[in-house]
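Asks: Just passing along the structure, written as structure tokens.
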Amino acid sequence: MLRKLAQRLGILQHSFAGGVHPEMYKVTAARPVEVAAIAPIHILPMKQHIGEACSPLVKVGDRVLRGQKIAKSEGYLSVPVHAPTSGRVVRIEEHAIPHPSGMGLPCIFIESDGDDESDTTLEPLTNWRELNPAILRERARMCGLAGLGGAVFPTFIKLVQDKRFPIETVILNGIECEPWLTNDHRLMLEKPHDILTGMAIVMHMVGAKSGIIAIEDNKPDAAESMRRALAEASEMQGVHVVVLPTRYPQGSEKQLIYSLTGKEVEAGRLPMHIGVLCQNVGTSKALFEAVVQARPLTERLVTVSGDAVENPATLSVRLGTPVRSLFASRGLDDLTGLHLLHGGPMMGERLKSVDVPVVKSTTGLLAMRTETMMLAHTEEQPCIRCGHCSEACPVHLVPNLLADACRSDQFDRAENYQLFDCIECGSCSYVCPANIPLVHYFRYGKGQIAQTRREQVFAEASRKRSEARERRIEAEKTEKAARRSRVRRDHAPAKPVESAEPENNDATQEKS
């Protein structure tokens, strides 16, 4: 209510609806990034992004170099996978990945040789300002870039120049509103120039003239670091830093755009439709490395923290590193009875196995004590229709009605309540006094609807194949009948011609 009143009075010009203020627990914010040791074995899943899975380019026994492409993309919505270090391929088989279901995917296992020798096939594009954006987009695709803020959407697709929707403003997302996580915070403190160069490359690629670096006010040192770097970058006059009040989920793309510009991205549309492009600061740095340093995406920052970790840190980790080894490096060898989260506590997912690898979507790894988790996951009670979830929802949904529809398998009703507009931020579950795991019901509903749609697509494809087969068989029958008819006509014996003699004899007989 106070927020809405402030908006009416003009104190908050652009403040997205809903949101919550969880305790942030940014215990690693003041600690510099540490480099994690190279693991003896790296496990590389063939799917680490939104889109189609990749297919292996190597076989067991092959030696690979760091940055070498070991799996090629299949389809447009896909990016390749690269070796995180030099070594030998020892296995290619299914293995568990960071997923709440415990599911597995085909993975390439690389045994490190300790040399960490790099592939030098790619050449740096230091003259990127003079290059066609299509060349830079291809570099982003070749280097396997995907959104490092957690969405892991292939980066090159977002960098398409569409003349129908020219990009006016590039927004660099440094919000990092999830509790515990400090990757973006530390990156802005330690690598501001790399981030800005990546942003300049993005602006060049999409033709944007202005840019905004968004940071929440709980990171004043990061804001100051980016301002200093901007002051030294004379070619980025149209870019400025904007500090926003801390509120979750301000880092969500649509909510951030509204907070900064007052423009609303309607349901079913993309930021490009209103002339805006958002990129995470980590993705911006990865783009700088891909273009200027010719380095494919083989590592990322990961916050290893939680109330069960005595020595938390923000680590620079090679992709494929086993999660168990990262916790062990922070002094946590015994994980018995602990709850492990992949990502932050609001939108992250609980790990069923610790023997999974770090992937491109791994923003954080949290180890939480049972008593802490029980405070947030007590027994579910009946909904009391208090409306707190609707107030907290940043997308103007009615979460309690949505949950009822999903729980009772009334998926048509859930779709009518705009289920797929839900961003699964967890704000509704956070404020629910009845401890209803609302987001879990939403994910269940989305999964069931997606499964039904896949079955419908398969059934429709089967029906079309069946109809095509029947048409083909009918056409073949018709063709065969026509062919038989032609054969009969062309090869049938000629009818005998009756002679005239009998007729003459008959005539003679009649005369006689």
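Quick note on naming: the chains in the structure tokens go A, B, ... in the order shown, residues restart at 1 in each chain, and ligands are numbered from 1 in order of appearance.
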Could you pull the residues within 12 Å of Gln410 in chain A, counting only C-alpha atoms, minus those fewer than 4 positions along the same chain, as a VMD selection string?

Replies: chain A and resid 401 to 406 414 to 417 419 441 to 442 444 to 446 448 to 449

Asks: Just the selected residues (C-alpha atoms), exported as a PDB file, in the first residue's frame, please.

Replies:
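The file below, again_16.pdb, is the result:
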```
ATOM      1  CA  LEU A 401      -6.371 -19.594  -7.457  1.00  0.00           C
ATOM      2  CA  LEU A 402      -3.616 -20.741  -9.789  1.00  0.00           C
ATOM      3  CA  ALA A 403      -2.365 -23.223  -7.210  1.00  0.00           C
ATOM      4  CA  ASP A 404      -5.890 -24.580  -6.658  1.00  0.00           C
ATOM      5  CA  ALA A 405      -6.295 -25.133 -10.404  1.00  0.00           C
ATOM      6  CA  CYS A 406      -2.932 -26.883 -10.752  1.00  0.00           C
ATOM      7  CA  ALA A 414      -4.873 -22.523 -14.849  1.00  0.00           C
ATOM      8  CA  GLU A 415      -4.083 -21.336 -18.373  1.00  0.00           C
ATOM      9  CA  ASN A 416      -7.053 -18.960 -18.196  1.00  0.00           C
ATOM     10  CA  TYR A 417      -5.449 -17.552 -15.031  1.00  0.00           C
ATOM     11  CA  LEU A 419      -0.154 -19.622 -15.586  1.00  0.00           C
ATOM     12  CA  TYR A 441       2.259 -26.321  -7.955  1.00  0.00           C
ATOM     13  CA  PHE A 442       2.923 -23.854 -10.782  1.00  0.00           C
ATOM     14  CA  TYR A 444       3.800 -29.040 -11.828  1.00  0.00           C
ATOM     15  CA  GLY A 445       1.028 -27.398 -13.834  1.00  0.00           C
ATOM     16  CA  LYS A 446       3.422 -26.066 -16.464  1.00  0.00           C
ATOM     17  CA  GLN A 448       1.750 -31.273 -17.196  1.00  0.00           C
ATOM     18  CA  ILE A 449       0.514 -28.784 -19.790  1.00  0.00           C
TER      19      ILE A 449
END
```

Asks: Could I get the residues of range 6-54 of chain A with an atom no further than 12 Å from an atom of range 64-69 of chain A, each paired with its nearest atom pair and that distance in Å to one decimal, using only C-alpha atoms, sorted by chain and residue number, as a Markdown table?

Replies:
```
| residue | atom | partner | partner_atom | distance |
| --- | --- | --- | --- | --- |
| A:Ile38 | CA | A:Arg66 | CA | 11.7 |
| A:His42 | CA | A:Arg66 | CA | 11.6 |
| A:Leu44 | CA | A:Lys69 | CA | 11.6 |
| A:Met46 | CA | A:Lys69 | CA | 11.8 |
| A:Cys54 | CA | A:Lys69 | CA | 11.0 |
```

Asks: Sorted by chain and rising residue number, which residues of range 93-147 of chain A lie within 10 Å of range 304-328 of chain A, and what are their closest atom pairs and distances in Å to one decimal, counting only C-alpha atoms, as a tab-separated table?

Replies:
```
residue	atom	partner	partner_atom	distance
A:Pro98	CA	A:Val323	CA	9.4
A:Cys107	CA	A:Gly320	CA	9.5
A:Ile108	CA	A:Gly320	CA	9.2
A:Phe109	CA	A:Gly320	CA	8.5
A:Ile110	CA	A:Gly320	CA	8.8
```

Asks: Write out as a PDB file with N, CA and C atoms, in the first residue's frame all residues of range 23-156 of chain A that DSSP puts in strand (DSSP E or B) for this structure's backbone.

Replies:
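This went into states-v5.pdb:
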```pdb
ATOM      1  N   GLU A  34      38.083 -16.178  -5.675  1.00  0.00           N
ATOM      2  CA  GLU A  34      39.157 -17.160  -5.620  1.00  0.00           C
ATOM      3  C   GLU A  34      39.033 -18.108  -6.815  1.00  0.00           C
ATOM      4  N   VAL A  35      40.161 -18.608  -7.271  1.00  0.00           N
ATOM      5  CA  VAL A  35      40.177 -19.542  -8.399  1.00  0.00           C
ATOM      6  C   VAL A  35      40.137 -20.960  -7.862  1.00  0.00           C
ATOM      7  N   ILE A  41      38.549 -34.888 -12.779  1.00  0.00           N
ATOM      8  CA  ILE A  41      37.589 -35.300 -13.798  1.00  0.00           C
ATOM      9  C   ILE A  41      36.574 -34.174 -13.999  1.00  0.00           C
ATOM     10  N   HIS A  42      36.314 -33.831 -15.251  1.00  0.00           N
ATOM     11  CA  HIS A  42      35.281 -32.847 -15.575  1.00  0.00           C
ATOM     12  C   HIS A  42      34.155 -33.558 -16.317  1.00  0.00           C
ATOM     13  N   ILE A  43      32.925 -33.222 -15.945  1.00  0.00           N
ATOM     14  CA  ILE A  43      31.740 -33.871 -16.516  1.00  0.00           C
ATOM     15  C   ILE A  43      30.961 -32.810 -17.277  1.00  0.00           C
ATOM     16  N   LEU A  44      30.871 -32.960 -18.594  1.00  0.00           N
ATOM     17  CA  LEU A  44      30.252 -31.941 -19.453  1.00  0.00           C
ATOM     18  C   LEU A  44      28.946 -32.465 -20.043  1.00  0.00           C
ATOM     19  N   PRO A  45      27.782 -32.043 -19.494  1.00  0.00           N
ATOM     20  CA  PRO A  45      26.502 -32.458 -20.083  1.00  0.00           C
ATOM     21  C   PRO A  45      26.327 -31.873 -21.481  1.00  0.00           C
ATOM     22  N   SER A  55      25.508 -32.698 -29.703  1.00  0.00           N
ATOM     23  CA  SER A  55      25.963 -34.057 -29.988  1.00  0.00           C
ATOM     24  C   SER A  55      27.489 -34.075 -29.960  1.00  0.00           C
ATOM     25  N   PRO A  56      28.087 -35.145 -29.415  1.00  0.00           N
ATOM     26  CA  PRO A  56      29.544 -35.182 -29.233  1.00  0.00           C
ATOM     27  C   PRO A  56      30.308 -35.128 -30.548  1.00  0.00           C
ATOM     28  N   ARG A  63      42.418 -36.877 -27.120  1.00  0.00           N
ATOM     29  CA  ARG A  63      42.977 -35.811 -26.285  1.00  0.00           C
ATOM     30  C   ARG A  63      42.362 -34.491 -26.718  1.00  0.00           C
ATOM     31  N   VAL A  64      41.994 -33.670 -25.742  1.00  0.00           N
ATOM     32  CA  VAL A  64      41.367 -32.385 -26.035  1.00  0.00           C
ATOM     33  C   VAL A  64      42.145 -31.274 -25.352  1.00  0.00           C
ATOM     34  N   ARG A  66      41.953 -27.120 -23.779  1.00  0.00           N
ATOM     35  CA  ARG A  66      41.005 -26.169 -23.201  1.00  0.00           C
ATOM     36  C   ARG A  66      40.469 -25.244 -24.293  1.00  0.00           C
ATOM     37  N   LYS A  69      36.178 -27.286 -29.111  1.00  0.00           N
ATOM     38  CA  LYS A  69      34.771 -27.667 -29.203  1.00  0.00           C
ATOM     39  C   LYS A  69      34.665 -29.184 -29.173  1.00  0.00           C
ATOM     40  N   ILE A  70      33.918 -29.695 -28.182  1.00  0.00           N
ATOM     41  CA  ILE A  70      33.794 -31.142 -28.026  1.00  0.00           C
ATOM     42  C   ILE A  70      32.379 -31.630 -28.325  1.00  0.00           C
ATOM     43  N   ALA A  71      31.437 -30.705 -28.479  1.00  0.00           N
ATOM     44  CA  ALA A  71      30.065 -31.079 -28.827  1.00  0.00           C
ATOM     45  C   ALA A  71      29.474 -29.971 -29.673  1.00  0.00           C
ATOM     46  N   LYS A  72      28.873 -30.350 -30.784  1.00  0.00           N
ATOM     47  CA  LYS A  72      28.317 -29.363 -31.711  1.00  0.00           C
ATOM     48  C   LYS A  72      26.839 -29.115 -31.422  1.00  0.00           C
ATOM     49  N   VAL A  81      29.496 -26.980 -26.826  1.00  0.00           N
ATOM     50  CA  VAL A  81      30.159 -27.194 -25.537  1.00  0.00           C
ATOM     51  C   VAL A  81      31.657 -27.306 -25.792  1.00  0.00           C
ATOM     52  N   HIS A  82      32.465 -26.732 -24.889  1.00  0.00           N
ATOM     53  CA  HIS A  82      33.916 -26.718 -25.057  1.00  0.00           C
ATOM     54  C   HIS A  82      34.599 -27.370 -23.856  1.00  0.00           C
ATOM     55  N   GLY A  87      43.152 -32.589 -21.583  1.00  0.00           N
ATOM     56  CA  GLY A  87      43.103 -33.926 -21.002  1.00  0.00           C
ATOM     57  C   GLY A  87      42.613 -34.933 -22.018  1.00  0.00           C
ATOM     58  N   ARG A  88      42.102 -36.049 -21.512  1.00  0.00           N
ATOM     59  CA  ARG A  88      41.675 -37.141 -22.376  1.00  0.00           C
ATOM     60  C   ARG A  88      40.232 -37.515 -22.074  1.00  0.00           C
ATOM     61  N   VAL A  89      39.474 -37.793 -23.135  1.00  0.00           N
ATOM     62  CA  VAL A  89      38.094 -38.242 -22.982  1.00  0.00           C
ATOM     63  C   VAL A  89      38.110 -39.693 -22.504  1.00  0.00           C
ATOM     64  N   VAL A  90      37.536 -39.930 -21.331  1.00  0.00           N
ATOM     65  CA  VAL A  90      37.572 -41.279 -20.758  1.00  0.00           C
ATOM     66  C   VAL A  90      36.224 -41.982 -20.824  1.00  0.00           C
ATOM     67  N   ARG A  91      35.155 -41.206 -20.903  1.00  0.00           N
ATOM     68  CA  ARG A  91      33.824 -41.818 -20.992  1.00  0.00           C
ATOM     69  C   ARG A  91      32.869 -40.875 -21.697  1.00  0.00           C
ATOM     70  N   ILE A  92      31.878 -41.451 -22.339  1.00  0.00           N
ATOM     71  CA  ILE A  92      30.740 -40.690 -22.857  1.00  0.00           C
ATOM     72  C   ILE A  92      29.502 -41.507 -22.508  1.00  0.00           C
ATOM     73  N   GLU A  93      28.795 -41.068 -21.490  1.00  0.00           N
ATOM     74  CA  GLU A  93      27.649 -41.835 -20.996  1.00  0.00           C
ATOM     75  C   GLU A  93      26.711 -40.926 -20.236  1.00  0.00           C
ATOM     76  N   GLU A  94      25.553 -41.466 -19.884  1.00  0.00           N
ATOM     77  CA  GLU A  94      24.568 -40.676 -19.153  1.00  0.00           C
ATOM     78  C   GLU A  94      25.006 -40.492 -17.709  1.00  0.00           C
ATOM     79  N   HIS A  95      24.758 -39.277 -17.195  1.00  0.00           N
ATOM     80  CA  HIS A  95      25.138 -38.960 -15.817  1.00  0.00           C
ATOM     81  C   HIS A  95      24.155 -37.933 -15.273  1.00  0.00           C
ATOM     82  N   ALA A  96      23.988 -37.927 -13.954  1.00  0.00           N
ATOM     83  CA  ALA A  96      23.070 -36.978 -13.313  1.00  0.00           C
ATOM     84  C   ALA A  96      23.531 -35.547 -13.544  1.00  0.00           C
ATOM     85  N   GLY A 104      19.229 -37.607 -15.708  1.00  0.00           N
ATOM     86  CA  GLY A 104      20.546 -37.615 -16.291  1.00  0.00           C
ATOM     87  C   GLY A 104      20.508 -37.247 -17.763  1.00  0.00           C
ATOM     88  N   LEU A 105      21.682 -36.916 -18.296  1.00  0.00           N
ATOM     89  CA  LEU A 105      21.838 -36.597 -19.718  1.00  0.00           C
ATOM     90  C   LEU A 105      23.164 -37.192 -20.192  1.00  0.00           C
ATOM     91  N   PRO A 106      23.302 -37.412 -21.481  1.00  0.00           N
ATOM     92  CA  PRO A 106      24.608 -37.839 -21.991  1.00  0.00           C
ATOM     93  C   PRO A 106      25.676 -36.789 -21.650  1.00  0.00           C
ATOM     94  N   CYS A 107      26.808 -37.258 -21.135  1.00  0.00           N
ATOM     95  CA  CYS A 107      27.884 -36.363 -20.708  1.00  0.00           C
ATOM     96  C   CYS A 107      29.218 -36.873 -21.235  1.00  0.00           C
ATOM     97  N   ILE A 108      30.134 -35.931 -21.451  1.00  0.00           N
ATOM     98  CA  ILE A 108      31.503 -36.263 -21.829  1.00  0.00           C
ATOM     99  C   ILE A 108      32.383 -36.104 -20.591  1.00  0.00           C
ATOM    100  N   PHE A 109      33.115 -37.152 -20.250  1.00  0.00           N
ATOM    101  CA  PHE A 109      34.006 -37.133 -19.084  1.00  0.00           C
ATOM    102  C   PHE A 109      35.427 -36.887 -19.575  1.00  0.00           C
ATOM    103  N   ILE A 110      36.058 -35.823 -19.061  1.00  0.00           N
ATOM    104  CA  ILE A 110      37.425 -35.482 -19.444  1.00  0.00           C
ATOM    105  C   ILE A 110      38.336 -35.610 -18.232  1.00  0.00           C
ATOM    106  N   GLU A 111      39.367 -36.437 -18.374  1.00  0.00           N
ATOM    107  CA  GLU A 111      40.370 -36.587 -17.321  1.00  0.00           C
ATOM    108  C   GLU A 111      41.477 -35.563 -17.555  1.00  0.00           C
ATOM    109  N   SER A 112      41.660 -34.674 -16.586  1.00  0.00           N
ATOM    110  CA  SER A 112      42.641 -33.596 -16.742  1.00  0.00           C
ATOM    111  C   SER A 112      44.056 -34.152 -16.762  1.00  0.00           C
ATOM    112  N   SER A 118      45.767 -24.751 -23.919  1.00  0.00           N
ATOM    113  CA  SER A 118      44.611 -24.148 -24.595  1.00  0.00           C
ATOM    114  C   SER A 118      44.660 -24.357 -26.102  1.00  0.00           C
ATOM    115  N   ALA A 146      25.893 -18.360 -23.306  1.00  0.00           N
ATOM    116  CA  ALA A 146      24.496 -18.402 -22.877  1.00  0.00           C
ATOM    117  C   ALA A 146      24.369 -17.503 -21.658  1.00  0.00           C
ATOM    118  N   PRO A 154      20.603 -18.869 -25.241  1.00  0.00           N
ATOM    119  CA  PRO A 154      21.736 -18.601 -26.137  1.00  0.00           C
ATOM    120  C   PRO A 154      21.883 -17.121 -26.464  1.00  0.00           C
TER     121      PRO A 154
END
```

Asks: Excluding same-chain residues fewer than 2 positions from Leu297 in chain A, what lies within 9 Å of it counting only C-alpha atoms, as a list in words?

Replies: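 The contact residues come out as Gly67, Val81, His82, Pro84, Cys143, Gly144, Leu145, Ala146, Ala286, Leu287, Glu289, Ala290, Arg295, Glu299, Arg300, Leu319 and Lys360 of chain A.
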
Asks: Which of these, A:His49, A:Arg469, A:Lys191, A:Arg407, has the shortest distance to Thr155 in chain A once you count only C-alpha atoms?

Replies: A:His49

Asks: Neighbours of Pro166 in chain A within 8 Å (only C-alpha atoms; same-chain residues fewer than 6 positions away dropped), as a list in words?

Replies: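 Within the cut-off, the hits are Val206, Gly207, Ala208, Met272 and Gly275 of chain A.
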
Asks: Write a file of the selected residues as a PDB file, in the first residue's frame, keeping C-alpha atoms.

Replies:
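And here is the file that came out, out_14.pdb:
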```
ATOM      1  CA  VAL A 206      22.448  -4.035 -32.047  1.00  0.00           C
ATOM      2  CA  GLY A 207      22.989  -0.377 -32.960  1.00  0.00           C
ATOM      3  CA  ALA A 208      21.941   1.036 -29.573  1.00  0.00           C
ATOM      4  CA  MET A 272      13.100  -6.012 -28.174  1.00  0.00           C
ATOM      5  CA  GLY A 275      13.410  -1.199 -28.107  1.00  0.00           C
TER       6      GLY A 275
END
```

Asks: Check the smallest atom-to-atom distance from each of A:Ser284, A:Asn435, A:Thr169, A:Thr182 to Leu196 in chain A using only C-alpha atoms, then report the winner.

Replies: A:Ser284

Asks: For Pro357 in chain A, which residue out of A:Val170, A:Ile50, A:Ala450, A:Ile97 is the nearest one, using only C-alpha atoms?

Replies: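 Using only C-alpha atoms, Pro357 in chain A sits closest to A:Ile97.
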
Asks: Calculated over only C-alpha atoms, which of the candidates A:Cys383, A:Met373, A:Val487, A:Leu181 has the smallest distance to Tyr25 in chain A?

Replies: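 So, comparing all the options, the nearest one is A:Leu181.
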